[in-house]
$ cat structure00.pdb   # PDB, C-alpha atoms
ATOM      1  CA  MET A   1     -26.007-174.371  65.414
ATOM      2  CA  SER A   2     -27.316-177.576  66.960
ATOM      3  CA  PHE A   3     -25.865-180.818  68.263
ATOM      4  CA  VAL A   4     -27.462-183.434  66.019
ATOM      5  CA  ILE A   5     -27.536-187.158  66.820
ATOM      6  CA  THR A   6     -28.556-189.607  64.100
ATOM      7  CA  GLY A   7     -29.830-193.033  65.129
ATOM      8  CA  ALA A   8     -30.849-191.340  68.364
ATOM      9  CA  THR A   9     -33.294-193.992  69.596
ATOM     10  CA  GLY A  10     -30.692-196.766  69.572
ATOM     11  CA  ALA A  11     -28.860-197.885  72.708
ATOM     12  CA  LEU A  12     -25.825-195.679  72.019
ATOM     13  CA  GLY A  13     -27.839-192.723  70.743
ATOM     14  CA  ARG A  14     -29.947-192.547  73.883
ATOM     15  CA  LEU A  15     -26.864-192.455  76.065
ATOM     16  CA  VAL A  16     -25.358-189.693  73.922
ATOM     17  CA  ILE A  17     -28.536-187.639  74.336
ATOM     18  CA  ASP A  18     -28.285-188.139  78.122
ATOM     19  CA  ALA A  19     -24.651-187.028  78.074
ATOM     20  CA  LEU A  20     -25.476-183.943  76.014
ATOM     21  CA  LEU A  21     -28.338-182.983  78.322
ATOM     22  CA  ALA A  22     -25.792-182.911  81.147
ATOM     23  CA  ARG A  23     -23.649-180.505  79.136
ATOM     24  CA  THR A  24     -25.992-178.179  77.251
ATOM     25  CA  ALA A  25     -29.570-176.940  76.979
ATOM     26  CA  PRO A  26     -32.198-179.302  75.513
ATOM     27  CA  GLY A  27     -33.092-176.754  72.848
ATOM     28  CA  GLU A  28     -29.614-177.093  71.356
ATOM     29  CA  ILE A  29     -29.991-180.848  70.800
ATOM     30  CA  VAL A  30     -31.611-182.551  67.805
ATOM     31  CA  ALA A  31     -32.509-186.248  67.854
ATOM     32  CA  VAL A  32     -32.838-187.849  64.415
ATOM     33  CA  ALA A  33     -34.930-191.019  64.319
ATOM     34  CA  ARG A  34     -37.015-193.110  61.929
ATOM     35  CA  ASP A  35     -39.961-193.448  64.294
ATOM     36  CA  ARG A  36     -41.386-190.372  66.022
ATOM     37  CA  ALA A  37     -43.157-192.492  68.637
ATOM     38  CA  LYS A  38     -39.868-194.029  69.753
ATOM     39  CA  ALA A  39     -38.413-190.535  70.149
ATOM     40  CA  ALA A  40     -41.400-189.100  72.031
ATOM     41  CA  ASP A  41     -39.534-189.083  75.346
ATOM     42  CA  PHE A  42     -36.876-186.826  73.820
ATOM     43  CA  ALA A  43     -39.501-184.240  72.889
ATOM     44  CA  VAL A  44     -40.852-184.333  76.450
ATOM     45  CA  ARG A  45     -37.365-183.404  77.659
ATOM     46  CA  GLY A  46     -37.191-180.438  75.269
ATOM     47  CA  VAL A  47     -35.050-182.075  72.578
ATOM     48  CA  GLU A  48     -36.059-181.384  68.981
ATOM     49  CA  VAL A  49     -36.970-184.514  67.023
ATOM     50  CA  ARG A  50     -36.441-184.806  63.265
ATOM     51  CA  ILE A  51     -37.568-187.815  61.263
ATOM     52  CA  ALA A  52     -35.270-189.399  58.668
ATOM     53  CA  ASP A  53     -34.334-192.816  57.338
ATOM     54  CA  TYR A  54     -30.882-193.800  56.066
ATOM     55  CA  ASP A  55     -32.620-195.837  53.346
ATOM     56  CA  ARG A  56     -34.543-192.774  52.070
ATOM     57  CA  PRO A  57     -32.054-190.057  51.093
ATOM     58  CA  GLU A  58     -34.814-187.524  50.447
ATOM     59  CA  THR A  59     -35.720-187.597  54.160
ATOM     60  CA  LEU A  60     -32.186-186.476  55.042
ATOM     61  CA  GLU A  61     -32.340-183.253  53.033
ATOM     62  CA  ASP A  62     -33.714-181.087  55.857
ATOM     63  CA  VAL A  63     -32.155-182.880  58.814
ATOM     64  CA  PHE A  64     -28.933-180.862  58.994
ATOM     65  CA  ALA A  65     -28.297-177.106  58.952
ATOM     66  CA  PRO A  66     -25.211-174.929  58.402
ATOM     67  CA  GLY A  67     -22.885-175.043  61.391
ATOM     68  CA  ASP A  68     -24.423-178.135  62.978
ATOM     69  CA  ARG A  69     -22.158-180.490  64.880
ATOM     70  CA  VAL A  70     -23.334-183.995  64.055
ATOM     71  CA  LEU A  71     -22.791-187.411  65.586
ATOM     72  CA  PHE A  72     -23.392-189.885  62.769
ATOM     73  CA  ILE A  73     -24.110-193.237  64.412
ATOM     74  CA  SER A  74     -23.535-196.054  61.948
ATOM     75  CA  GLY A  75     -26.488-198.084  60.713
ATOM     76  CA  ASN A  76     -27.008-201.693  61.719
ATOM     77  CA  ALA A  77     -28.127-203.132  58.367
ATOM     78  CA  ALA A  78     -25.089-205.153  57.324
ATOM     79  CA  GLY A  79     -24.686-205.112  53.557
ATOM     80  CA  ARG A  80     -26.620-201.863  53.058
ATOM     81  CA  ARG A  81     -24.544-199.486  55.127
ATOM     82  CA  GLY A  82     -22.340-198.305  52.274
ATOM     83  CA  THR A  83     -25.250-196.737  50.395
ATOM     84  CA  GLN A  84     -26.956-195.575  53.569
ATOM     85  CA  HIS A  85     -23.874-193.882  54.940
ATOM     86  CA  ARG A  86     -23.027-192.090  51.712
ATOM     87  CA  ALA A  87     -26.521-190.609  51.752
ATOM     88  CA  VAL A  88     -25.913-189.183  55.231
ATOM     89  CA  ILE A  89     -22.512-187.788  54.253
ATOM     90  CA  ASP A  90     -23.955-186.189  51.105
ATOM     91  CA  ALA A  91     -26.734-184.533  53.105
ATOM     92  CA  ALA A  92     -24.279-183.242  55.692
ATOM     93  CA  ARG A  93     -22.013-181.832  52.985
ATOM     94  CA  GLU A  94     -24.890-180.095  51.221
ATOM     95  CA  ALA A  95     -26.053-178.560  54.497
ATOM     96  CA  GLY A  96     -22.597-177.255  55.408
ATOM     97  CA  VAL A  97     -22.253-178.868  58.824
ATOM     98  CA  ALA A  98     -19.332-177.790  60.992
ATOM     99  CA  LEU A  99     -18.433-181.314  62.133
ATOM    100  CA  LEU A 100     -19.471-184.839  61.218
ATOM    101  CA  ALA A 101     -18.290-187.332  63.851
ATOM    102  CA  TYR A 102     -18.722-190.935  62.713
ATOM    103  CA  THR A 103     -18.829-194.045  64.902
ATOM    104  CA  SER A 104     -16.396-196.334  63.106
ATOM    105  CA  VAL A 105     -14.498-199.413  64.289
ATOM    106  CA  LEU A 106     -11.294-199.833  66.272
ATOM    107  CA  GLY A 107      -8.322-200.006  63.928
ATOM    108  CA  GLY A 108     -10.116-198.543  60.916
ATOM    109  CA  PRO A 109      -8.356-199.685  57.723
ATOM    110  CA  ALA A 110      -6.122-202.027  59.749
ATOM    111  CA  ALA A 111      -9.133-204.110  60.805
ATOM    112  CA  THR A 112      -9.499-207.237  58.679
ATOM    113  CA  PHE A 113     -12.796-208.674  59.968
ATOM    114  CA  SER A 114     -16.007-208.447  57.955
ATOM    115  CA  ILE A 115     -17.854-206.013  60.234
ATOM    116  CA  ALA A 116     -15.114-203.452  59.588
ATOM    117  CA  GLU A 117     -15.472-203.377  55.792
ATOM    118  CA  GLU A 118     -18.430-200.996  55.564
ATOM    119  CA  HIS A 119     -16.934-198.783  58.272
ATOM    120  CA  VAL A 120     -13.729-198.452  56.263
ATOM    121  CA  ASP A 121     -15.726-197.615  53.127
ATOM    122  CA  THR A 122     -17.601-194.949  55.094
ATOM    123  CA  GLU A 123     -14.376-193.468  56.426
ATOM    124  CA  GLN A 124     -13.054-193.172  52.875
ATOM    125  CA  ALA A 125     -16.265-191.507  51.680
ATOM    126  CA  LEU A 126     -16.190-189.072  54.591
ATOM    127  CA  LEU A 127     -12.555-188.158  54.016
ATOM    128  CA  ALA A 128     -13.254-187.581  50.318
ATOM    129  CA  SER A 129     -16.315-185.416  51.020
ATOM    130  CA  GLY A 130     -14.444-182.417  52.358
ATOM    131  CA  VAL A 131     -16.719-182.265  55.412
ATOM    132  CA  PRO A 132     -14.888-181.525  58.677
ATOM    133  CA  TYR A 133     -14.776-184.940  60.319
ATOM    134  CA  CYS A 134     -13.937-186.824  63.475
ATOM    135  CA  LEU A 135     -13.525-190.588  63.303
ATOM    136  CA  LEU A 136     -14.583-192.245  66.538
ATOM    137  CA  ARG A 137     -13.177-195.732  66.073
ATOM    138  CA  ASN A 138     -15.103-197.565  68.740
ATOM    139  CA  GLY A 139     -13.900-200.832  70.155
ATOM    140  CA  TRP A 140     -16.204-203.458  71.617
ATOM    141  CA  TYR A 141     -18.771-202.692  74.309
ATOM    142  CA  HIS A 142     -18.802-204.544  77.634
ATOM    143  CA  GLU A 143     -22.485-205.010  76.880
ATOM    144  CA  ASN A 144     -21.640-207.228  73.907
ATOM    145  CA  TYR A 145     -20.869-209.810  76.578
ATOM    146  CA  THR A 146     -22.822-208.814  79.677
ATOM    147  CA  GLY A 147     -25.973-208.571  77.563
ATOM    148  CA  ALA A 148     -25.814-212.364  77.224
ATOM    149  CA  LEU A 149     -25.290-213.047  80.918
ATOM    150  CA  ALA A 150     -28.724-214.589  81.378
ATOM    151  CA  THR A 151     -27.929-217.158  78.696
ATOM    152  CA  THR A 152     -24.434-217.677  80.090
ATOM    153  CA  LEU A 153     -25.830-218.473  83.527
ATOM    154  CA  LYS A 154     -28.529-220.721  82.078
ATOM    155  CA  THR A 155     -26.083-222.778  80.018
ATOM    156  CA  GLY A 156     -23.341-222.657  82.630
ATOM    157  CA  ALA A 157     -20.578-221.526  80.263
ATOM    158  CA  VAL A 158     -19.193-218.598  78.307
ATOM    159  CA  VAL A 159     -18.961-219.711  74.689
ATOM    160  CA  GLY A 160     -16.971-218.181  71.837
ATOM    161  CA  SER A 161     -14.300-218.637  69.236
ATOM    162  CA  ALA A 162     -11.749-216.063  70.378
ATOM    163  CA  ASP A 163      -9.169-218.510  71.742
ATOM    164  CA  GLY A 164      -6.832-216.586  74.070
ATOM    165  CA  GLY A 165      -7.260-213.264  72.281
ATOM    166  CA  ARG A 166      -7.779-210.118  74.296
ATOM    167  CA  VAL A 167     -10.612-207.567  74.079
ATOM    168  CA  ALA A 168     -10.120-203.974  75.229
ATOM    169  CA  SER A 169     -13.803-203.280  75.738
ATOM    170  CA  ALA A 170     -15.453-200.382  77.550
ATOM    171  CA  ALA A 171     -18.961-199.516  78.662
ATOM    172  CA  ARG A 172     -21.361-198.193  76.036
ATOM    173  CA  ARG A 173     -21.858-195.172  78.273
ATOM    174  CA  ASP A 174     -18.112-194.450  78.070
ATOM    175  CA  TYR A 175     -18.291-194.229  74.293
ATOM    176  CA  ALA A 176     -21.428-192.080  74.505
ATOM    177  CA  GLU A 177     -19.813-189.611  76.891
ATOM    178  CA  ALA A 178     -16.738-189.398  74.669
ATOM    179  CA  ALA A 179     -18.942-188.629  71.660
ATOM    180  CA  ALA A 180     -20.717-185.881  73.605
ATOM    181  CA  GLU A 181     -17.349-184.430  74.569
ATOM    182  CA  VAL A 182     -16.268-184.340  70.917
ATOM    183  CA  LEU A 183     -19.484-182.596  69.872
ATOM    184  CA  THR A 184     -19.415-179.957  72.594
ATOM    185  CA  GLY A 185     -15.656-179.520  72.874
ATOM    186  CA  SER A 186     -13.186-177.815  70.568
ATOM    187  CA  GLY A 187     -10.233-178.886  68.467
ATOM    188  CA  HIS A 188     -11.659-182.225  67.333
ATOM    189  CA  GLU A 189     -12.069-181.359  63.650
ATOM    190  CA  ASN A 190     -10.266-183.691  61.232
ATOM    191  CA  SER A 191      -9.172-185.988  64.050
ATOM    192  CA  VAL A 192      -9.104-189.749  64.542
ATOM    193  CA  TYR A 193      -9.590-191.401  67.932
ATOM    194  CA  GLU A 194      -8.929-195.084  68.579
ATOM    195  CA  LEU A 195     -11.393-195.739  71.393
ATOM    196  CA  SER A 196     -11.120-198.740  73.687
ATOM    197  CA  GLY A 197     -11.025-199.690  77.334
ATOM    198  CA  ASP A 198      -7.989-199.257  79.525
ATOM    199  CA  THR A 199      -7.541-203.003  80.055
ATOM    200  CA  ALA A 200      -7.664-205.873  77.569
ATOM    201  CA  TRP A 201      -8.989-209.189  78.866
ATOM    202  CA  THR A 202      -9.450-212.742  77.600
ATOM    203  CA  MET A 203     -12.692-214.675  77.446
ATOM    204  CA  ALA A 204     -11.324-217.024  80.090
ATOM    205  CA  GLU A 205     -10.729-214.027  82.363
ATOM    206  CA  TYR A 206     -14.266-212.817  81.678
ATOM    207  CA  ALA A 207     -15.646-216.239  82.627
ATOM    208  CA  ALA A 208     -13.522-216.228  85.787
ATOM    209  CA  GLU A 209     -14.919-212.832  86.825
ATOM    210  CA  VAL A 210     -18.489-213.994  86.211
ATOM    211  CA  SER A 211     -17.680-217.052  88.320
ATOM    212  CA  ARG A 212     -16.262-214.907  91.115
ATOM    213  CA  GLN A 213     -19.257-212.600  91.257
ATOM    214  CA  THR A 214     -21.893-215.334  91.041
ATOM    215  CA  GLY A 215     -20.206-217.973  93.143
ATOM    216  CA  ARG A 216     -20.692-220.468  90.323
ATOM    217  CA  GLN A 217     -18.180-222.312  88.175
ATOM    218  CA  ILE A 218     -18.592-220.738  84.735
ATOM    219  CA  PRO A 219     -15.883-221.940  82.314
ATOM    220  CA  TYR A 220     -15.008-220.551  78.909
ATOM    221  CA  ARG A 221     -15.657-223.017  76.084
ATOM    222  CA  ASP A 222     -13.683-222.143  72.963
ATOM    223  CA  LEU A 223     -15.204-223.606  69.802
ATOM    224  CA  PRO A 224     -14.037-223.873  66.200
ATOM    225  CA  GLN A 225     -15.544-221.027  64.185
ATOM    226  CA  GLU A 226     -17.944-223.248  62.208
ATOM    227  CA  GLN A 227     -19.217-224.930  65.362
ATOM    228  CA  TYR A 228     -19.738-221.563  67.058
ATOM    229  CA  VAL A 229     -21.763-220.342  64.066
ATOM    230  CA  ALA A 230     -23.907-223.486  64.132
ATOM    231  CA  LEU A 231     -24.541-223.093  67.859
ATOM    232  CA  MET A 232     -25.681-219.472  67.434
ATOM    233  CA  VAL A 233     -27.956-220.348  64.516
ATOM    234  CA  GLU A 234     -29.475-223.155  66.566
ATOM    235  CA  ALA A 235     -30.161-220.588  69.307
ATOM    236  CA  GLY A 236     -32.035-218.365  66.840
ATOM    237  CA  VAL A 237     -29.344-215.966  65.643
ATOM    238  CA  PRO A 238     -29.705-215.220  61.899
ATOM    239  CA  SER A 239     -27.028-216.947  59.863
ATOM    240  CA  LEU A 240     -25.366-213.740  58.630
ATOM    241  CA  GLY A 241     -25.235-212.301  62.133
ATOM    242  CA  ALA A 242     -23.766-215.505  63.516
ATOM    243  CA  GLN A 243     -21.071-215.536  60.833
ATOM    244  CA  LEU A 244     -20.169-211.905  61.547
ATOM    245  CA  VAL A 245     -19.861-212.563  65.290
ATOM    246  CA  ALA A 246     -17.681-215.628  64.763
ATOM    247  CA  ASP A 247     -15.557-213.747  62.245
ATOM    248  CA  ALA A 248     -15.044-210.966  64.794
ATOM    249  CA  ASP A 249     -14.029-213.572  67.377
ATOM    250  CA  ALA A 250     -11.381-214.798  64.935
ATOM    251  CA  ALA A 251     -10.132-211.209  64.739
ATOM    252  CA  ILE A 252      -9.978-211.095  68.532
ATOM    253  CA  ALA A 253      -7.859-214.239  68.438
ATOM    254  CA  ARG A 254      -5.527-212.375  66.049
ATOM    255  CA  GLY A 255      -5.282-209.460  68.493
ATOM    256  CA  GLU A 256      -7.232-206.918  66.452
ATOM    257  CA  LEU A 257      -9.434-205.652  69.297
ATOM    258  CA  ALA A 258      -6.828-205.605  72.053
ATOM    259  CA  SER A 259      -5.195-202.207  71.598
ATOM    260  CA  THR A 260      -5.270-199.778  74.527
ATOM    261  CA  PRO A 261      -3.987-196.419  73.220
ATOM    262  CA  GLY A 262      -5.809-194.467  75.938
ATOM    263  CA  ASP A 263      -7.807-192.164  73.649
ATOM    264  CA  LEU A 264     -11.109-192.994  75.317
ATOM    265  CA  ALA A 265      -9.894-192.254  78.828
ATOM    266  CA  LEU A 266      -8.305-189.037  77.521
ATOM    267  CA  LEU A 267     -11.618-187.814  76.105
ATOM    268  CA  LEU A 268     -13.472-188.855  79.246
ATOM    269  CA  GLY A 269     -10.979-187.286  81.611
ATOM    270  CA  ARG A 270     -11.202-190.429  83.755
ATOM    271  CA  PRO A 271     -10.458-194.162  83.521
ATOM    272  CA  THR A 272     -12.828-196.255  81.458
ATOM    273  CA  THR A 273     -15.412-198.412  83.252
ATOM    274  CA  PRO A 274     -13.872-201.710  84.430
ATOM    275  CA  LEU A 275     -15.334-204.933  83.068
ATOM    276  CA  ALA A 276     -16.032-206.131  86.616
ATOM    277  CA  ASP A 277     -18.307-203.133  87.189
ATOM    278  CA  ALA A 278     -20.247-203.918  84.016
ATOM    279  CA  ILE A 279     -20.704-207.526  85.110
ATOM    280  CA  ALA A 280     -21.950-206.358  88.514
ATOM    281  CA  ASP A 281     -24.418-203.959  86.876
ATOM    282  CA  ALA A 282     -25.728-206.696  84.594
ATOM    283  CA  LEU A 283     -26.154-209.099  87.498
ATOM    284  CA  ARG A 284     -28.106-206.456  89.410
ATOM    285  CA  GLU A 285     -30.415-206.050  86.434
ATOM    286  CA  LEU A 286     -30.961-209.802  86.561
ATOM    287  CA  HIS A 287     -31.586-209.486  90.327
ATOM    288  CA  LEU A 288     -28.670-211.777  91.032
ATOM    289  CA  SER A 289     -26.586-209.478  93.193
TER     290      SER A 289
END

$ encode --input "structure00.pdb" --output "structure tokens"
Amino acid sequence: MSFVITGATGALGRLVIDALLARTAPGEIVAVARDRAKAADFAVRGVEVRIADYDRPETLEDVFAPGDRVLFISGNAAGRRGTQHRAVIDAAREAGVALLAYTSVLGGPAATFSIAEEHVDTEQALLASGVPYCLLRNGWYHENYTGALATTLKTGAVVGSADGGRVASAARRDYAEAAAEVLTGSGHENSVYELSGDTAWTMAEYAAEVSRQTGRQIPYRDLPQEQYVALMVEAGVPSLGAQLVADADAAIARGELASTPGDLALLLGRPTTPLADAIADALRELHLS
């Protein structure tokens, strides 16, 4: 039996590997990646690396083994994830894995924004497969916002289309540690966790905290959805990506990413990382604090 992480070289996957290495021996961990070179540092640390591609089902045939406990990190190719994800589920079923934990989206079938559609389809396929499952319905990451701090400080404003809607975000590392806990713990089979931060905040509150920590006046500028899309495209964001972001902001305005059920803190055994801490970390990375 191994702890297998798909999409292991992504930002979340790397943090999950770190969390697992703090809990178990490297030889019990398998990192699945498309590019062996990008996973070379895992091998140096004693983690087994297996090469597979969601777009090539034949490469998934030997990735899993009977009894494996798998974290299936969703793909990032919008529009192709349905086919990709079914290929992973089929391979896991054929191998006889003991657990397939999938990184879904907060709210699951209740989520009405476009990004959620392929996650909901994947959940349905996983439930129909008969594979022991755990649905990790991840909310937004702090890093969705703090990752753009350099641009925010350059333009002098936080920009979005979320109106006064609240976001119960948490640090990416929080979600990674929760996933590691599910893989290495017991009693998580056929469970659903709604994962989000302990506190929901508005974009105006985010801008106010950035202002407080930087000593600058950084307002929140709320734009109509079409104008927000146009601004992102002008900045170099692909049109589809810009539309998905603006559509998610509309969902935030409707309250769809504000729930704080406490599942994430329960799995962590501690409070989730405060937004203010994430802002401080990001500013340090920019050498501004």

$ closest_residue --input "structure00.pdb" --among "A:Cys134, A:Leu106, A:Leu231, A:Leu21" --to "Ala248 (chain A)" --atoms "all atoms listed in the file"
A:Leu106

$ closest_residue --input "structure00.pdb" --among "A:Thr122, A:Thr152, A:Ser239, A:Ser259" --to "Tyr206 (chain A)" --atoms "all atoms listed in the file"
A:Thr152

$ residues_around --input "structure00.pdb" --residues "region 54-71 of chain A" --least-positions-apart "5" --cutoff "7 Å" --atoms "only C-alpha atoms" --output "list in words"
Met1, Ser2, Phe3, Val4, Ile5, Thr6, Gln84, Ala87, Val88, Ala91, Ala92, Ala95, Gly96, Val97, Ala98, Leu99, Leu100, Ala101, Tyr102 and Leu183 of chain A

$ resolve_selection --input "structure00.pdb" --expression "the PyMOL selection byres ((chain A and resi 175-182) around 7)" --output "ChimeraX atom specification"
/A:12,15-16,19-20,171-174,183-185,188,264,267-268

$ resolve_selection --input "structure00.pdb" --expression "the PyMOL selection byres ((chain A and resi 224-226) around 6)" --output "PyMOL selection string"
chain A and resi 161+223+227-229+246

$ atom_distance --input "structure00.pdb" --atom1 "CA of Arg93 (chain A)" --atom2 "CA of Gly130 (chain A)"
7.6 Å

$ axis_aligned_box --input "structure00.pdb" --around "region 208-221 of chain A" --padding-each-side "8 Å" --output "AutoDock Vina command-line options"
--center_x -17.7 --center_y -217.8 --center_z 84.6 --size_x 24.4 --size_y 26.4 --size_z 33.1

$ resolve_selection --input "structure00.pdb" --expression "the PyMOL selection byres ((chain A and resi 33) around 10)" --output "VMD selection string"
chain A and resid 5 to 10 13 30 to 32 34 to 39 49 to 54

$ atom_distance --input "structure00.pdb" --atom1 "CA of Glu205 (chain A)" --atom2 "CA of Tyr220 (chain A)"
8.5 Å

$ atom_distance --input "structure00.pdb" --atom1 "CA of Asn138 (chain A)" --atom2 "CA of Thr24 (chain A)"
23.8 Å

$ closest_residue --input "structure00.pdb" --among "A:Asn144, A:Glu123, A:Gly27, A:Glu117" --to "Arg80 (chain A)" --atoms "all atoms listed in the file"
A:Glu117

$ closest_residue --input "structure00.pdb" --among "A:Ala162, A:Ala208, A:Gly241, A:Glu143" --to "Gly79 (chain A)" --atoms "all atoms listed in the file"
A:Gly241

$ residues_around --input "structure00.pdb" --residues "Tyr145 (chain A)" --least-positions-apart "3" --cutoff "12 Å" --atoms "only C-alpha atoms" --output "PyMOL selection string"
chain A and resi 140-142+148-152+158-160+167+169-172+202-203+206-207+210+245+275-276+278-279+282

$ write_last_selection --input "structure00.pdb" --atoms "C-alpha atoms" --output "short mmCIF file (atom, residue, chain, number, x, y, z; two decimals), keeping the file's coordinate frame"
data_model
loop_
_atom_site.label_atom_id
_atom_site.label_comp_id
_atom_site.auth_asym_id
_atom_site.auth_seq_id
_atom_site.Cartn_x
_atom_site.Cartn_y
_atom_site.Cartn_z
CA TRP A 140 -16.20 -203.46 71.62
CA TYR A 141 -18.77 -202.69 74.31
CA HIS A 142 -18.80 -204.54 77.63
CA ALA A 148 -25.81 -212.36 77.22
CA LEU A 149 -25.29 -213.05 80.92
CA ALA A 150 -28.72 -214.59 81.38
CA THR A 151 -27.93 -217.16 78.70
CA THR A 152 -24.43 -217.68 80.09
CA VAL A 158 -19.19 -218.60 78.31
CA VAL A 159 -18.96 -219.71 74.69
CA GLY A 160 -16.97 -218.18 71.84
CA VAL A 167 -10.61 -207.57 74.08
CA SER A 169 -13.80 -203.28 75.74
CA ALA A 170 -15.45 -200.38 77.55
CA ALA A 171 -18.96 -199.52 78.66
CA ARG A 172 -21.36 -198.19 76.04
CA THR A 202 -9.45 -212.74 77.60
CA MET A 203 -12.69 -214.68 77.45
CA TYR A 206 -14.27 -212.82 81.68
CA ALA A 207 -15.65 -216.24 82.63
CA VAL A 210 -18.49 -213.99 86.21
CA VAL A 245 -19.86 -212.56 65.29
CA LEU A 275 -15.33 -204.93 83.07
CA ALA A 276 -16.03 -206.13 86.62
CA ALA A 278 -20.25 -203.92 84.02
CA ILE A 279 -20.70 -207.53 85.11
CA ALA A 282 -25.73 -206.70 84.59
#

$ closest_residue --input "structure00.pdb" --among "A:Arg166, A:Leu127, A:Leu257, A:Ala280" --to "Arg212 (chain A)" --atoms "only C-alpha atoms"
A:Ala280

$ closest_residue --input "structure00.pdb" --among "A:Val105, A:Leu136, A:Ala25, A:Met232" --to "Asp121 (chain A)" --atoms "all atoms listed in the file"
A:Val105
